[in-house]
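Structure first, commentary second.
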Amino acid sequence: MSNSATFDAVVIGGGAAGFFAAITAAEQSDASVLILEKSSQLLHKVKISGGGRCNVTHDCAEPRELSVNYPRGAKALIGSFHRFGPAETVEWFTGRGVMLKTEADGRMFPTTDDSQTIVDALLDAAAAVGVQVHTSEAVTSIVKTDTNSGDVFELQTTAGRTYAASSVVIATGGTRVAAGAALAASLGHRLEPATPSLFTFKIKDPRLAGLSGLSVDPADVAIAQSRLRSSGPVLITHTGLSGPGILKISAWGARELAQRGYRFDISLNWLPDADPAAVIDEKRRSDAKRRLSSRSPFESIPKRLWQRLVEAAGIAEETTWSQLTKANATQLLDELTDATFTVVGKSTNKDEFVTCGGVALDEIDFRTMQSKLVDGLYFAGEVIDVDGVTGGFNFQNAWTTGFHAGSHIAAR
């Protein structure tokens, strides 16, 4: 290949949003489209997401209801979801032979439980409409110039090549890796600071030690000296706490918790839907001679965690229900409904990275995903200051914004 080539559109980023924009533009027109991916891997986040199953979207048809799952970008996305939301996403994939299933919590996965199914569908769709893909080729600069045939973008890459295009989509993912954000800034866009979102809490506490893999569903989580609250399953890990209840509060509190240096106290109510005081009183009567530590009286609390909470309340292992003192019962209720844990840092959610921050929302037309500052420049996915909680919402943002960017490019 020569060191210079011209395309109708160049998409920067070979992830979910980038592929969806490229496929849509090529399917809806005869546009020539090139995807440039700086790494050697395409669709890497799709591959690793959902524990390798790929949480494609969420079963939520109402745009306003869907939008509340986005700590940043909720209002801007409502109109976009009206035109392309989860129902259209499901139709897109089923139309290409990918069947999806809905789990009890609304998350949607391929029936194969294999993210490679989604990867293959996107790769096949791109190939079918002639989208060209170059890996290990990063864009180092974009310049818009006037020519006899109109305005064009000139892109320089690490491969020493120059590309010309009338439309460019920046879909480089979260601005934790600043390449896409830097390109947007070079074209005059304002950036909101990048901050990790959807992270787990590092906690060193004897109540959790050695209990990795146990979960409680549901639990209420609250950040001390803050209005941040969430509810959902909480998972004990080898480094602390995770699960949807933790990940949701980390998303909503992304910037506040970063300002705290990821060091703060949380309180946990392990039994938000129960009346533990009434259960304890009943156990004193019905199981008077049974040891407290022998069995958890709450279905949602695993036996080993129950034993730790009993111990933390200062109750001896051999104590029976009839021997439970009023003071110890009060301490046990505190451990069950208002247990304080000290967070000493954060960890990523498995191998997934989500960030808030990116191109400012008020500089993008969310009907088309086109820049309000630079005609022919589009954005899709996490490079925008949009992020969702766990449950398929970040991928839905990728499909929605990629679709609208690709559709407008095709219309041009």
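Letters A, B, ... go to the chains of the structure tokens in the order shown; residues in each chain start at 1; ligands are counted from 1 in the same order.
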
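Those residues that approach Asp30 (chain A) to within 9 Å, counting only C-alpha atoms, are Ala25, Ala26, Val129 and Ala410 of chain A; same-chain residues fewer than 4 positions away are not listed.
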
field: Test item, strand (DSSP E or B) assignment across region 123-335 of chain A, answer as a VMD selection string
entry: chain A and resid 132 to 134 139 to 147 150 to 157 162 to 170 191 to 197 199 to 203 215 to 223 229 to 236 240 to 242 264 to 269 291 320

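Nearest residue to Gln396 (chain A) among A:Phe19, A:Phe153, A:Phe7, A:Phe81 is A:Phe81, counting only C-alpha atoms.
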
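Summary of the local environment: counting only C-alpha atoms, residues at most 7 Å from Pro272 (chain A), other than itself and those fewer than 3 positions away along its chain, are Ala219, Asp220 and Asn269 of chain A.
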
Which residues of region 119-228 of chain A come within 10 Å of region 371-393 of chain A, and for each one, what is the closest pair of atoms and their distance in Å to one decimal, counting only C-alpha atoms, sorted by chain and residue number, as a Markdown table?
```
| residue | atom | partner | partner_atom | distance |
| --- | --- | --- | --- | --- |
| A:Lys144 | CA | A:Val374 | CA | 8.8 |
| A:Asp151 | CA | A:Gly376 | CA | 8.8 |
| A:Val152 | CA | A:Gly376 | CA | 8.5 |
| A:Phe153 | CA | A:Gly376 | CA | 8.6 |
| A:Ala165 | CA | A:Gly376 | CA | 9.2 |
| A:Ser166 | CA | A:Gly376 | CA | 6.4 |
| A:Ser167 | CA | A:Gly376 | CA | 4.6 |
| A:Val168 | CA | A:Leu377 | CA | 5.1 |
| A:Val169 | CA | A:Tyr378 | CA | 4.5 |
| A:Ile170 | CA | A:Phe379 | CA | 4.9 |
| A:Ala171 | CA | A:Ala380 | CA | 5.0 |
| A:Thr172 | CA | A:Val383 | CA | 6.0 |
| A:Gly173 | CA | A:Glu382 | CA | 4.7 |
| A:Gly174 | CA | A:Glu382 | CA | 4.7 |
| A:Thr175 | CA | A:Val383 | CA | 5.8 |
| A:Arg176 | CA | A:Val383 | CA | 9.3 |
| A:Val177 | CA | A:Val383 | CA | 9.6 |
| A:Ala178 | CA | A:Val383 | CA | 9.1 |
| A:Ala179 | CA | A:Val383 | CA | 9.7 |
| A:Gly180 | CA | A:Val383 | CA | 6.8 |
| A:Ala181 | CA | A:Val383 | CA | 6.7 |
| A:Ala184 | CA | A:Phe379 | CA | 9.0 |
| A:Leu187 | CA | A:Val374 | CA | 7.5 |
| A:Gly188 | CA | A:Leu373 | CA | 7.4 |
| A:His189 | CA | A:Leu373 | CA | 7.5 |
| A:Leu191 | CA | A:Asp385 | CA | 8.1 |
| A:Glu192 | CA | A:Asp385 | CA | 6.7 |
| A:Pro193 | CA | A:Asp385 | CA | 8.8 |
| A:Ala194 | CA | A:Asp385 | CA | 8.6 |
| A:Ser197 | CA | A:Asp387 | CA | 7.8 |
| A:Leu198 | CA | A:Val389 | CA | 6.8 |
```

Kindly assemble as a Markdown table a list of the region 158-254 of chain A residues that lie within 8 Å of region 138-141 of chain A, each paired with its nearest atom pair and their distance in Å to one decimal, using only C-alpha atoms, sorted first by chain and then by ascending residue number.
```
| residue | atom | partner | partner_atom | distance |
| --- | --- | --- | --- | --- |
| A:Thr158 | CA | A:Ala138 | CA | 5.5 |
| A:Ala159 | CA | A:Ala138 | CA | 7.6 |
| A:Leu183 | CA | A:Ser141 | CA | 6.6 |
```

With N, CA and C atoms retained, could you export that selection as a CSV table (one decimal), in the first residue's frame?
```csv
chain,number,residue,atom,x,y,z
A,158,THR,N,1.2,6.5,13.1
A,158,THR,CA,2.5,6.0,13.5
A,158,THR,C,3.1,5.1,12.5
A,159,ALA,N,2.4,4.7,11.5
A,159,ALA,CA,2.9,3.9,10.4
A,159,ALA,C,3.5,4.7,9.3
A,183,LEU,N,-6.6,14.2,20.6
A,183,LEU,CA,-7.0,14.6,19.2
A,183,LEU,C,-8.2,15.5,19.2
```

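Counting only C-alpha atoms and comparing A:Val234, A:Cys356, A:Val68, A:Ala405, the residue that lies closest to Thr195 (chain A) is A:Cys356.
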
- request: If you run DSSP over the backbone, which residues in region 342-405 of chain A end up helix (DSSP H, G or I)? Put them as a list in words.
  value: Leu361, Asp362, Glu363, Gly381, Glu382, Val383, Phe393, Asn394, Phe395, Gln396, Asn397, Ala398, Trp399, Thr400, Thr401, Gly402, Phe403, His404 and Ala405 of chain A

message: Need the shell around Arg64 (chain A): protein/DNA/RNA residues with any atom at most 10 Å away, counting only C-alpha atoms. Skip same-chain ones fewer than 3 positions apart. Format as JSON, numbers by chain?
response: {"A": [60, 61, 67, 68, 69, 74, 75, 77, 78, 79, 81, 82]}

Suppose we keep all heavy atoms; can you now write the selection as a tab-separated table (two decimals), in the first residue's frame?
```
chain	number	residue	atom	x	y	z
A	60	CYS	N	-34.41	-2.66	28.82
A	60	CYS	CA	-35.08	-1.46	29.31
A	60	CYS	C	-35.51	-0.64	28.10
A	60	CYS	O	-34.68	0.03	27.48
A	60	CYS	CB	-34.16	-0.64	30.22
A	60	CYS	SG	-34.95	0.81	30.94
A	61	ALA	N	-36.79	-0.68	27.77
A	61	ALA	CA	-37.25	-0.09	26.51
A	61	ALA	C	-37.54	1.40	26.63
A	61	ALA	O	-37.55	2.11	25.62
A	61	ALA	CB	-38.51	-0.82	26.03
A	67	SER	N	-32.08	6.10	30.81
A	67	SER	CA	-31.09	7.15	30.97
A	67	SER	C	-30.65	7.35	32.41
A	67	SER	O	-29.54	7.86	32.66
A	67	SER	CB	-31.63	8.48	30.41
A	67	SER	OG	-32.64	9.01	31.24
A	68	VAL	N	-31.46	6.96	33.38
A	68	VAL	CA	-31.08	7.20	34.78
A	68	VAL	C	-29.93	6.30	35.22
A	68	VAL	O	-29.41	6.46	36.32
A	68	VAL	CB	-32.28	7.01	35.74
A	68	VAL	CG1	-33.41	7.95	35.38
A	68	VAL	CG2	-32.77	5.56	35.75
A	69	ASN	N	-29.52	5.40	34.37
A	69	ASN	CA	-28.38	4.53	34.68
A	69	ASN	C	-27.06	5.12	34.23
A	69	ASN	O	-26.03	4.43	34.24
A	69	ASN	CB	-28.59	3.16	34.03
A	69	ASN	CG	-29.77	2.42	34.63
A	69	ASN	OD1	-29.69	1.88	35.71
A	69	ASN	ND2	-30.89	2.39	33.90
A	74	ALA	N	-26.94	11.44	31.13
A	74	ALA	CA	-28.31	10.92	31.14
A	74	ALA	C	-29.25	11.76	30.27
A	74	ALA	O	-29.96	11.23	29.41
A	74	ALA	CB	-28.83	10.86	32.57
A	75	LYS	N	-29.29	13.07	30.49
A	75	LYS	CA	-30.22	13.94	29.76
A	75	LYS	C	-29.90	13.96	28.27
A	75	LYS	O	-30.80	13.92	27.42
A	75	LYS	CB	-30.17	15.34	30.34
A	75	LYS	CG	-31.19	16.29	29.74
A	75	LYS	CD	-31.13	17.66	30.42
A	75	LYS	CE	-32.15	18.62	29.82
A	75	LYS	NZ	-32.09	19.95	30.48
A	77	LEU	N	-28.66	11.72	26.41
A	77	LEU	CA	-28.90	10.46	25.71
A	77	LEU	C	-30.36	10.14	25.48
A	77	LEU	O	-30.67	9.25	24.68
A	77	LEU	CB	-28.26	9.30	26.49
A	77	LEU	CG	-26.74	9.17	26.40
A	77	LEU	CD1	-26.24	8.16	27.43
A	77	LEU	CD2	-26.31	8.75	25.00
A	78	ILE	N	-31.27	10.82	26.16
A	78	ILE	CA	-32.68	10.43	26.07
A	78	ILE	C	-33.18	10.42	24.62
A	78	ILE	O	-33.77	9.44	24.15
A	78	ILE	CB	-33.56	11.36	26.93
A	78	ILE	CG1	-33.25	11.15	28.41
A	78	ILE	CG2	-35.05	11.09	26.66
A	78	ILE	CD1	-33.94	12.14	29.34
A	79	GLY	N	-32.94	11.50	23.90
A	79	GLY	CA	-33.38	11.56	22.51
A	79	GLY	C	-32.70	10.52	21.64
A	79	GLY	O	-33.32	9.91	20.77
A	81	PHE	N	-31.65	7.59	22.59
A	81	PHE	CA	-32.23	6.28	22.89
A	81	PHE	C	-33.60	6.12	22.23
A	81	PHE	O	-34.00	5.00	21.88
A	81	PHE	CB	-32.35	6.07	24.39
A	81	PHE	CG	-31.04	5.83	25.10
A	81	PHE	CD1	-30.86	6.26	26.41
A	81	PHE	CD2	-30.00	5.17	24.47
A	81	PHE	CE1	-29.66	6.03	27.08
A	81	PHE	CE2	-28.80	4.93	25.12
A	81	PHE	CZ	-28.63	5.37	26.43
A	82	HIS	N	-34.33	7.20	22.06
A	82	HIS	CA	-35.62	7.12	21.37
A	82	HIS	C	-35.42	6.62	19.94
A	82	HIS	O	-36.26	5.89	19.41
A	82	HIS	CB	-36.30	8.50	21.34
A	82	HIS	CG	-37.17	8.77	22.52
A	82	HIS	ND1	-38.38	8.16	22.72
A	82	HIS	CD2	-36.99	9.61	23.59
A	82	HIS	CE1	-38.93	8.59	23.84
A	82	HIS	NE2	-38.11	9.47	24.39
```

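Remark: for Thr401 (chain A), the closest of the candidate residues A:Arg72, A:Lys303, A:Ser32, A:Ser80 is A:Ser80 (distances computed over only C-alpha atoms).
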
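Around Ala411 (chain A), within 8 Å and counting only C-alpha atoms, the residues found are Gln28, Ser29, Ser407 and His408 of chain A, once anything fewer than 3 positions away on its own chain is removed.
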
Pick out the residues sitting within 12 Å of region 114-126 of chain A, and hand them over as a CSV table (one decimal) with C-alpha atoms, in the first residue's frame; count only C-alpha atoms, and ignore anything fewer than 3 positions along from it in its own chain.
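out.csv was written with the following content:
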```csv
chain,number,residue,atom,x,y,z
A,14,GLY,CA,-11.5,-0.4,16.8
A,15,GLY,CA,-13.8,-1.0,19.8
A,16,ALA,CA,-17.6,-1.4,20.0
A,17,ALA,CA,-18.5,2.2,19.2
A,18,GLY,CA,-16.0,2.5,16.4
A,19,PHE,CA,-17.1,-0.7,14.7
A,20,PHE,CA,-20.7,0.2,15.0
A,21,ALA,CA,-20.2,3.6,13.5
A,22,ALA,CA,-18.1,2.2,10.6
A,23,ILE,CA,-20.6,-0.6,9.8
A,24,THR,CA,-23.6,1.7,9.9
A,25,ALA,CA,-21.9,4.3,7.6
A,26,ALA,CA,-21.0,1.6,5.1
A,27,GLU,CA,-24.3,-0.3,5.3
A,32,SER,CA,-15.5,3.9,1.9
A,33,VAL,CA,-14.6,3.5,5.5
A,34,LEU,CA,-11.4,2.8,7.3
A,35,ILE,CA,-10.9,1.8,11.0
A,41,GLN,CA,-6.3,-6.3,19.2
A,42,LEU,CA,-9.8,-5.4,17.9
A,43,LEU,CA,-12.8,-5.2,20.1
A,44,HIS,CA,-10.8,-6.1,23.2
A,45,LYS,CA,-13.3,-4.8,25.7
A,46,VAL,CA,-16.1,-6.6,24.0
A,47,LYS,CA,-14.0,-9.8,24.3
A,48,ILE,CA,-13.3,-9.5,28.1
A,49,SER,CA,-16.6,-7.9,29.2
A,50,GLY,CA,-19.1,-9.7,31.4
A,51,GLY,CA,-16.5,-12.3,32.4
A,52,GLY,CA,-16.1,-13.3,28.8
A,53,ARG,CA,-19.8,-13.4,28.1
A,54,CYS,CA,-20.4,-9.8,26.9
A,55,ASN,CA,-23.2,-8.0,28.5
A,56,VAL,CA,-24.5,-6.6,25.2
A,57,THR,CA,-27.3,-4.3,26.6
A,89,THR,CA,-29.7,-3.2,19.4
A,90,VAL,CA,-31.4,-6.6,19.9
A,92,TRP,CA,-29.5,-5.5,14.9
A,93,PHE,CA,-27.8,-8.6,16.5
A,94,THR,CA,-30.7,-11.0,16.0
A,95,GLY,CA,-30.8,-9.9,12.3
A,96,ARG,CA,-27.3,-11.2,12.0
A,97,GLY,CA,-28.0,-14.5,13.7
A,98,VAL,CA,-27.0,-13.6,17.2
A,99,MET,CA,-29.7,-14.6,19.7
A,100,LEU,CA,-29.7,-12.8,23.0
A,108,MET,CA,-28.7,-9.3,28.2
A,109,PHE,CA,-26.1,-11.7,26.9
A,110,PRO,CA,-25.7,-13.9,23.8
A,111,THR,CA,-27.3,-17.3,24.3
A,129,VAL,CA,-19.7,-4.0,3.7
A,130,GLY,CA,-16.1,-3.5,2.8
A,131,VAL,CA,-14.9,-1.7,5.9
A,132,GLN,CA,-11.1,-1.7,5.9
A,133,VAL,CA,-9.3,-2.3,9.3
A,395,PHE,CA,-22.2,-1.0,25.6
A,399,TRP,CA,-24.1,1.1,20.0
```

query: Near Ser300 (chain A), within 8 Å and counting only C-alpha atoms, which residues show up once chain neighbours fewer than 2 positions away are dropped, as a PyMOL selection string?
result: chain A and resi 216-218+271+298+302

How would the residues just picked look written out with N, CA and C atoms as a PDB file, in the first residue's frame?
```pdb
ATOM      1  N   VAL A 216     -23.890 -11.214  49.036  1.00  0.00           N
ATOM      2  CA  VAL A 216     -25.148 -10.936  49.722  1.00  0.00           C
ATOM      3  C   VAL A 216     -26.015 -10.120  48.774  1.00  0.00           C
ATOM      4  N   ASP A 217     -27.257 -10.553  48.588  1.00  0.00           N
ATOM      5  CA  ASP A 217     -28.154  -9.884  47.643  1.00  0.00           C
ATOM      6  C   ASP A 217     -29.562  -9.816  48.245  1.00  0.00           C
ATOM      7  N   PRO A 218     -30.055  -8.572  48.487  1.00  0.00           N
ATOM      8  CA  PRO A 218     -29.392  -7.284  48.237  1.00  0.00           C
ATOM      9  C   PRO A 218     -28.680  -6.792  49.486  1.00  0.00           C
ATOM     10  N   LEU A 271     -29.037  -6.437  55.383  1.00  0.00           N
ATOM     11  CA  LEU A 271     -30.412  -6.948  55.396  1.00  0.00           C
ATOM     12  C   LEU A 271     -31.434  -5.828  55.179  1.00  0.00           C
ATOM     13  N   PHE A 298     -30.639 -15.924  58.346  1.00  0.00           N
ATOM     14  CA  PHE A 298     -31.035 -15.102  57.196  1.00  0.00           C
ATOM     15  C   PHE A 298     -30.562 -15.769  55.913  1.00  0.00           C
ATOM     16  N   PRO A 302     -24.560 -15.776  53.931  1.00  0.00           N
ATOM     17  CA  PRO A 302     -23.907 -17.086  54.007  1.00  0.00           C
ATOM     18  C   PRO A 302     -23.417 -17.383  55.429  1.00  0.00           C
TER      19      PRO A 302
END
```
